[in-house]
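Text of final.txt (compact mmCIF, C-alpha atoms (C1' of nucleotides)) as supplied:
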```txt
# COMPACT_ATOMS: atom_id res chain seq x y z
CA MET A 2 0.00 0.00 0.00
CA ALA A 3 1.10 3.53 -0.71
CA ILE A 4 2.43 5.66 2.09
CA SER A 5 0.40 8.69 3.09
CA GLU A 6 1.47 12.29 3.25
CA ALA A 7 1.98 12.33 7.01
CA GLU A 8 3.96 9.13 6.74
CA ALA A 9 6.11 10.70 4.05
CA VAL A 10 7.03 13.48 6.45
CA VAL A 11 8.46 10.87 8.78
CA MET A 12 10.22 9.16 5.91
CA ASP A 13 11.77 12.46 4.98
CA VAL A 14 13.50 12.64 8.30
CA LEU A 15 14.86 9.16 7.85
CA TRP A 16 15.94 9.88 4.33
CA ARG A 17 17.99 12.80 5.53
CA GLU A 18 19.70 10.62 8.10
CA ALA A 19 19.23 7.13 9.43
CA PRO A 20 19.01 5.23 11.61
CA ARG A 21 17.10 7.34 14.07
CA THR A 22 15.04 6.83 17.17
CA ALA A 23 11.42 7.82 17.51
CA GLU A 24 12.52 10.54 19.87
CA GLU A 25 14.88 12.05 17.34
CA ILE A 26 12.22 11.96 14.71
CA LEU A 27 9.78 13.66 17.02
CA ALA A 28 12.35 16.32 17.78
CA GLU A 29 12.51 17.16 14.08
CA VAL A 30 8.90 16.99 13.04
CA GLY A 31 7.14 17.81 16.29
CA PRO A 32 7.75 21.54 16.12
CA THR A 33 7.12 21.96 12.41
CA GLN A 34 4.09 19.71 12.22
CA GLY A 35 2.72 20.21 15.68
CA TRP A 36 2.69 16.48 16.32
CA GLN A 37 2.79 14.71 19.66
CA GLU A 38 4.80 11.68 20.49
CA GLY A 39 1.91 9.27 19.96
CA THR A 40 1.38 10.59 16.49
CA VAL A 41 4.92 9.88 15.41
CA LYS A 42 4.80 6.43 16.98
CA SER A 43 1.60 5.62 15.14
CA LEU A 44 3.06 6.75 11.87
CA LEU A 45 6.17 4.68 12.47
CA ASN A 46 4.06 1.64 13.17
CA ARG A 47 2.08 2.09 10.03
CA LEU A 48 5.31 2.46 8.08
CA LEU A 49 6.54 -0.75 9.64
CA ARG A 50 3.39 -2.56 8.62
CA LYS A 51 3.83 -1.22 5.12
CA LYS A 52 7.44 -2.41 5.09
CA ALA A 53 8.61 1.11 4.36
CA VAL A 54 10.93 1.17 7.36
CA HIS A 55 12.85 -1.33 9.37
CA ALA A 56 13.24 -1.22 13.14
CA GLU A 57 16.19 -2.60 14.97
CA ARG A 58 16.19 -2.87 18.72
CA ASP A 59 18.89 -0.91 20.44
CA GLY A 60 18.62 -1.48 24.14
CA ARG A 61 15.27 -0.19 25.20
CA ARG A 62 14.49 1.71 22.06
CA TYR A 63 14.36 1.11 18.36
CA LEU A 64 16.42 2.49 15.57
CA TYR A 65 14.43 3.10 12.44
CA THR A 66 15.87 2.83 8.96
CA PRO A 67 14.09 3.42 5.68
CA LEU A 68 13.51 0.41 3.49
CA LEU A 69 11.68 2.33 0.81
CA ALA A 70 14.21 4.49 -1.02
CA ARG A 71 13.44 8.13 -1.46
CA GLU A 72 14.22 7.83 -5.12
CA GLN A 73 11.57 5.16 -5.48
CA TYR A 74 8.97 7.18 -3.66
CA VAL A 75 9.74 10.29 -5.67
CA SER A 76 9.52 8.30 -8.88
CA GLN A 77 6.14 6.87 -8.04
CA GLU A 78 4.68 10.16 -7.02
CA SER A 79 6.09 12.05 -9.95
CA LYS A 80 5.06 9.52 -12.49
CA GLY A 81 1.58 9.44 -10.99
CA LEU A 82 1.16 13.15 -11.36
CA LEU A 83 2.67 13.21 -14.82
CA ASP A 84 0.36 10.48 -16.04
CA ARG A 85 -2.76 11.83 -14.44
CA LEU A 86 -2.32 15.43 -15.49
CA PHE A 87 0.06 15.70 -18.39
CA GLY A 88 -0.48 12.60 -20.46
CA GLY A 89 2.74 11.17 -19.13
CA ARG A 90 4.87 13.76 -20.90
CA VAL A 91 7.38 16.05 -19.26
CA ALA A 92 7.40 18.98 -21.65
CA PRO A 93 3.77 19.92 -21.00
CA LEU A 94 4.46 19.89 -17.30
CA VAL A 95 7.32 22.31 -17.69
CA ALA A 96 5.24 24.42 -20.04
CA HIS A 97 2.62 24.58 -17.34
CA PHE A 98 5.07 25.91 -14.80
CA SER A 99 6.41 28.30 -17.36
CA GLU A 100 2.96 29.74 -17.99
CA GLN A 101 2.50 29.92 -14.28
CA ARG A 102 5.68 31.98 -14.01
CA LYS A 103 7.14 29.35 -11.75
CA LEU A 104 10.43 29.06 -13.59
CA SER A 105 13.16 30.91 -11.78
CA LYS A 106 16.25 32.18 -13.52
CA LYS A 107 18.14 29.45 -11.80
CA ASP A 108 15.68 26.86 -13.08
CA ILE A 109 16.10 28.13 -16.59
CA ALA A 110 19.87 28.08 -16.37
CA GLU A 111 19.81 24.56 -15.00
CA LEU A 112 17.43 23.36 -17.65
CA ARG A 113 19.70 24.76 -20.33
CA LYS A 114 22.63 22.96 -18.82
CA LEU A 115 20.66 19.75 -18.59
CA LEU A 116 19.69 19.91 -22.24
CA ARG A 117 23.23 20.62 -23.25
CA GLU A 118 24.39 17.57 -21.36
CA LEU A 119 21.75 15.42 -22.95
CA ASP A 120 23.05 16.62 -26.26
CA ASP A 121 26.58 15.61 -25.40
CA GLU A 122 25.54 12.12 -24.37
CA GLN A 123 23.66 11.69 -27.59
CA HIS A 124 26.73 11.29 -29.82
CA MET B 12 -11.91 20.74 0.53
CA ALA B 13 -9.72 19.18 -2.11
CA ILE B 14 -11.25 16.89 -4.69
CA SER B 15 -10.24 13.26 -4.61
CA GLU B 16 -8.76 11.16 -7.36
CA ALA B 17 -12.02 9.47 -8.28
CA GLU B 18 -13.72 12.82 -8.32
CA ALA B 19 -11.01 14.15 -10.60
CA VAL B 20 -11.81 11.43 -13.10
CA VAL B 21 -15.34 12.77 -13.31
CA MET B 22 -14.06 16.32 -13.57
CA ASP B 23 -11.88 15.23 -16.45
CA VAL B 24 -14.90 14.24 -18.45
CA LEU B 25 -16.50 17.59 -17.77
CA TRP B 26 -13.33 19.43 -18.61
CA ARG B 27 -13.25 17.76 -22.00
CA GLU B 28 -16.79 18.80 -22.68
CA ALA B 29 -19.59 20.36 -20.70
CA PRO B 30 -22.36 20.45 -19.83
CA ARG B 31 -23.07 16.75 -19.60
CA THR B 32 -25.60 14.50 -17.98
CA ALA B 33 -24.76 11.84 -15.43
CA GLU B 34 -25.59 9.27 -18.06
CA GLU B 35 -23.07 10.67 -20.49
CA ILE B 36 -20.44 10.78 -17.82
CA LEU B 37 -21.13 7.19 -16.89
CA ALA B 38 -20.87 6.19 -20.55
CA GLU B 39 -17.35 7.60 -20.60
CA VAL B 40 -15.95 6.47 -17.31
CA GLY B 41 -18.00 3.35 -16.64
CA PRO B 42 -16.08 1.11 -19.03
CA THR B 43 -12.62 2.41 -18.22
CA GLN B 44 -13.07 2.60 -14.46
CA GLY B 45 -15.52 -0.20 -13.99
CA TRP B 46 -17.92 2.08 -12.17
CA GLN B 47 -21.65 1.64 -11.77
CA GLU B 48 -24.24 4.33 -12.08
CA GLY B 49 -24.49 4.87 -8.33
CA THR B 50 -20.80 5.50 -8.10
CA VAL B 51 -20.86 8.29 -10.63
CA LYS B 52 -23.91 9.84 -9.00
CA SER B 53 -22.22 9.81 -5.62
CA LEU B 54 -19.12 11.42 -7.00
CA LEU B 55 -21.19 14.08 -8.70
CA ASN B 56 -22.97 14.82 -5.45
CA ARG B 57 -19.73 15.17 -3.60
CA LEU B 58 -18.44 17.47 -6.29
CA LEU B 59 -21.59 19.53 -5.94
CA ARG B 60 -21.09 19.78 -2.20
CA LYS B 61 -17.53 20.86 -2.79
CA LYS B 62 -18.72 23.46 -5.29
CA ALA B 63 -16.53 21.95 -7.95
CA VAL B 64 -19.44 21.50 -10.35
CA HIS B 65 -22.73 23.19 -10.98
CA ALA B 66 -25.93 21.34 -11.84
CA GLU B 67 -28.70 22.80 -13.90
CA ARG B 68 -31.99 21.04 -14.22
CA ASP B 69 -32.92 20.07 -17.75
CA GLY B 70 -36.31 18.42 -17.65
CA ARG B 71 -35.96 15.29 -15.57
CA ARG B 72 -32.21 15.27 -15.52
CA TYR B 73 -29.37 17.56 -14.64
CA LEU B 74 -26.67 19.04 -16.74
CA TYR B 75 -23.37 19.26 -14.94
CA THR B 76 -20.79 21.95 -15.60
CA PRO B 77 -17.39 22.35 -13.97
CA LEU B 78 -16.95 25.31 -11.67
CA LEU B 79 -13.40 24.44 -10.75
CA ALA B 80 -11.18 25.10 -13.75
CA ARG B 81 -8.85 22.39 -14.87
CA GLU B 82 -6.01 24.84 -14.90
CA GLN B 83 -6.59 25.61 -11.25
CA TYR B 84 -6.69 21.97 -10.27
CA VAL B 85 -3.56 21.18 -12.25
CA SER B 86 -1.77 24.10 -10.65
CA GLN B 87 -2.61 23.03 -7.14
CA GLU B 88 -1.61 19.46 -7.69
CA SER B 89 1.60 20.32 -9.51
CA LYS B 90 2.69 22.90 -7.02
CA GLY B 91 1.94 20.46 -4.21
CA LEU B 92 4.20 17.84 -5.69
CA LEU B 93 6.91 20.30 -6.57
CA ASP B 94 6.99 21.69 -3.06
CA ARG B 95 6.84 18.36 -1.30
CA LEU B 96 9.43 16.59 -3.37
CA PHE B 97 11.65 19.06 -5.16
CA GLY B 98 11.96 22.02 -2.88
CA GLY B 99 9.57 23.96 -5.06
CA ARG B 100 11.99 24.08 -7.96
CA VAL B 101 11.32 22.88 -11.46
CA ALA B 102 14.81 22.04 -12.67
CA PRO B 103 15.35 19.25 -10.13
CA LEU B 104 12.05 17.74 -11.17
CA VAL B 105 13.10 17.65 -14.80
CA ALA B 106 16.50 16.31 -13.79
CA HIS B 107 14.71 13.53 -11.99
CA PHE B 108 12.79 12.53 -15.08
CA SER B 109 15.91 12.80 -17.11
CA GLU B 110 17.76 10.39 -14.84
CA GLN B 111 14.76 8.15 -14.98
CA ARG B 112 15.01 8.17 -18.78
CA LYS B 113 11.53 9.58 -18.96
CA LEU B 114 12.40 12.34 -21.38
CA SER B 115 11.33 11.45 -24.88
CA LYS B 116 12.90 12.98 -27.95
CA LYS B 117 9.75 14.96 -28.36
CA ASP B 118 10.00 16.23 -24.80
CA ILE B 119 13.55 17.33 -25.35
CA ALA B 120 12.71 19.11 -28.56
CA GLU B 121 9.81 20.87 -26.89
CA LEU B 122 11.88 21.88 -23.92
CA ARG B 123 14.46 23.38 -26.24
CA LYS B 124 11.80 25.33 -28.01
CA LEU B 125 10.36 26.50 -24.71
CA LEU B 126 13.71 27.74 -23.52
CA ARG B 127 14.32 29.52 -26.77
CA GLU B 128 11.01 31.29 -26.47
CA LEU B 129 11.75 32.31 -22.92
CA ASP B 130 14.96 33.78 -24.22
CA ASP B 131 13.10 35.79 -26.83
CA GLU B 132 10.73 37.24 -24.28
CA GLN B 133 13.59 38.23 -22.08
CA HIS B 134 14.84 41.12 -24.22
C1' DC C 20 11.98 -5.50 45.14
C1' DG C 21 8.40 -2.19 44.37
C1' DT C 22 8.01 2.26 42.06
C1' DT C 23 8.78 5.33 38.56
C1' DA C 24 10.26 6.68 34.17
C1' DT C 25 10.71 5.37 29.39
C1' DC C 26 9.37 3.36 25.33
C1' DA C 27 6.43 0.76 22.41
C1' DT C 28 1.89 -1.27 21.21
C1' DT C 29 -3.05 -1.16 21.12
C1' DT C 30 -7.10 1.07 20.82
C1' DA C 31 -9.88 5.08 19.54
C1' DC C 32 -12.38 8.19 16.87
C1' DA C 33 -13.85 11.48 13.45
C1' DC C 34 -13.52 12.29 8.75
C1' DG C 35 -12.65 11.32 3.75
C1' DT C 36 -12.84 7.91 -0.06
C1' DG C 37 -14.28 4.26 -3.10
C1' DT C 38 -17.99 1.85 -4.11
C1' DA C 39 -22.42 1.09 -4.31
C1' DA C 40 -27.53 -0.46 -2.56
C1' DA C 41 -31.79 1.39 -1.15
C1' DC C 42 -35.08 4.68 -1.45
C1' DA C 43 -37.68 8.62 -3.40
C1' DT C 44 -39.84 10.93 -7.05
C1' DA C 45 -41.57 12.28 -11.23
C1' DA C 46 -42.61 11.09 -15.92
C1' DC C 47 -44.29 7.68 -19.38
C1' DT C 48 -47.09 3.74 -20.74
C1' DC C 49 -51.13 0.80 -21.03
C1' DG D 7 -54.71 6.25 -12.81
C1' DA D 8 -51.46 2.19 -11.39
C1' DG D 9 -47.34 0.20 -12.63
C1' DT D 10 -42.99 0.64 -14.72
C1' DT D 11 -39.04 3.40 -15.91
C1' DA D 12 -35.61 6.91 -15.46
C1' DT D 13 -33.24 9.92 -12.43
C1' DG D 14 -31.63 11.80 -8.50
C1' DT D 15 -30.93 11.57 -3.23
C1' DT D 16 -29.92 9.21 1.00
C1' DT D 17 -27.81 5.83 3.42
C1' DA D 18 -24.22 2.34 3.98
C1' DC D 19 -20.00 0.24 4.84
C1' DA D 20 -15.20 -1.06 4.88
C1' DC D 21 -10.87 0.94 4.75
C1' DG D 22 -7.24 4.62 5.10
C1' DT D 23 -5.66 8.84 7.49
C1' DG D 24 -4.61 12.22 10.98
C1' DT D 25 -4.31 12.57 15.49
C1' DA D 26 -3.73 10.97 19.73
C1' DA D 27 -5.08 8.62 24.59
C1' DA D 28 -4.74 4.43 27.03
C1' DT D 29 -2.38 0.56 28.09
C1' DG D 30 1.54 -2.57 28.43
C1' DA D 31 6.24 -3.73 29.10
C1' DT D 32 10.73 -3.08 30.73
C1' DA D 33 14.69 -0.98 32.49
C1' DA D 34 16.49 2.18 36.15
C1' DC D 35 16.14 4.05 40.77
C1' DG D 36 15.78 4.32 45.42
```
Would it be possible to restate this file's structure as structure tokens?
Amino acid sequence: MAISEAEAVVMDVLWREAPRTAEEILAEVGPTQGWQEGTVKSLLNRLLRKKAVHAERDGRRYLYTPLLAREQYVSQESKGLLDRLFGGRVAPLVAHFSEQRKLSKKDIAELRKLLRELDDEQH
Amino acid sequence: MAISEAEAVVMDVLWREAPRTAEEILAEVGPTQGWQEGTVKSLLNRLLRKKAVHAERDGRRYLYTPLLAREQYVSQESKGLLDRLFGGRVAPLVAHFSEQRKLSKKDIAELRKLLRELDDEQH
DNA sequence: CGTTATCATTTACACGTGTAAACATAACTC
DNA sequence: GAGTTATGTTTACACGTGTAAATGATAACG
């Protein structure tokens, strides 16, 4: 089963650094999300059930490690959006952001670079 | 409240052409989604409650029209993903698809064109 | 050791979602 | 006009989600 948005917030912490204890995770997300301890524990348990994280006992507590790779999650989510909204094609997505004035100068520069590199690989 | 994925499928039909009757919508999505009449009616009612569509009586039936614009929905969804997964920046998103080999030749050509046009606007 | 502090696990609960069945109502048919 | 047909409206129900409170277990403390 897919992981939910709240669960992804927890995963994010683990993707930045792992393994971590529930306490450490709470310390990071508690303030920003306004979550209590029980909330984080629940989310961790659901992630365990979904095999998205692994827990290893360390004395009295557990150390949590991601099993689902961020890259995989990002791929799924991105592809989902692309397929649902843009016919599975990237250019229309970028065009959308362009129309929306959501392309920063930096974005544009990076896109140019990316295209140049693709060119180089080509032949 | 945000519209759900199933609801978006119904919206899609209306975005392609409106107004439409529930029957017409069912004819389009029933086969592909395997939905019964009741399902489509429920979704339409939820969309009404969410003010995403408008219904106008036409004799014994209703004609449904989208109130929420596709462009608006697409923007919300896209921005959501961009912010959650790519720090709100477009270039990393495109880089992701590039690494994933999800850029078709057509995409690349279109992106080039897009960048050229942006250049033209610039000065 | 019995008590407290520390974690984890279980249970809870309201709300949204997917998916209809049941029910209501008005029009159409014989 | 009573029964069937076509629609829409209400109700249902299991499951996921966000958000914990309650409970259980275990190690540390006095």
**Request:** Tell me the residues of chain A close to chain C, meaning within 10 Å using only C-alpha atoms (C1' of nucleotides), as a PyMOL selection string.
**Result:** chain A and resi 23-24+39+42-43+46+61-63
List every residue of chain D that has an atom at most 10 Å from any atom of chain B, and for each one report the closest atom pair and its distance in Å to one decimal, counting only C-alpha atoms (C1' of nucleotides), with rows sorted by chain and then by increasing residue number, as a tab-separated table.
```
residue	atom	partner	partner_atom	distance
D:DA12	C1'	B:Arg71	CA	8.4
D:DT13	C1'	B:Arg72	CA	6.3
D:DG14	C1'	B:Arg72	CA	7.9
D:DT15	C1'	B:Asn56	CA	8.9
```
**Request:** Output as a PyMOL selection string the set of chain A residues within 6 Å of chain B, with distances taken over all atoms listed in the file.
**Result:** chain A and resi 92+108+112
Please produce an output containing C-alpha atoms for each residue in the selection, written as a CSV table (one decimal), in the coordinates of the input.
```csv
chain,number,residue,atom,x,y,z
A,92,ALA,CA,7.4,19.0,-21.6
A,108,ASP,CA,15.7,26.9,-13.1
A,112,LEU,CA,17.4,23.4,-17.6
```
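Taking CA of Arg57 (chain B) and CA of Pro77 (chain B) as the two end points, the separation is 12.8 Å.
For the pair C1' of DA18 (chain D) and CA of Val21 (chain B), the separation is 22.1 Å.
When CA of Arg50 (chain A) is paired with CA of Ile26 (chain A), their separation reads 18.1 Å.
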**Asked** Skipping near chain neighbours, those fewer than 6 positions away, what residues fall within 12 Å of Glu39 (chain B) using only C-alpha atoms (C1' of nucleotides), listed as a ChimeraX atom specification?
**Response** /B:20-25,27-28,31-33,45-48,51
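With only C-alpha atoms (C1' of nucleotides) as the basis for measurement, A:Leu44 is the residue among A:Leu44, A:Lys106, A:Glu100, A:Tyr65 that approaches DA26 (chain D) most closely.
Taking all atoms listed in the file into account, DA27 (chain D) lies nearest to A:Thr40 out of the set A:Leu49, A:Thr40, A:Leu27, A:Trp16.
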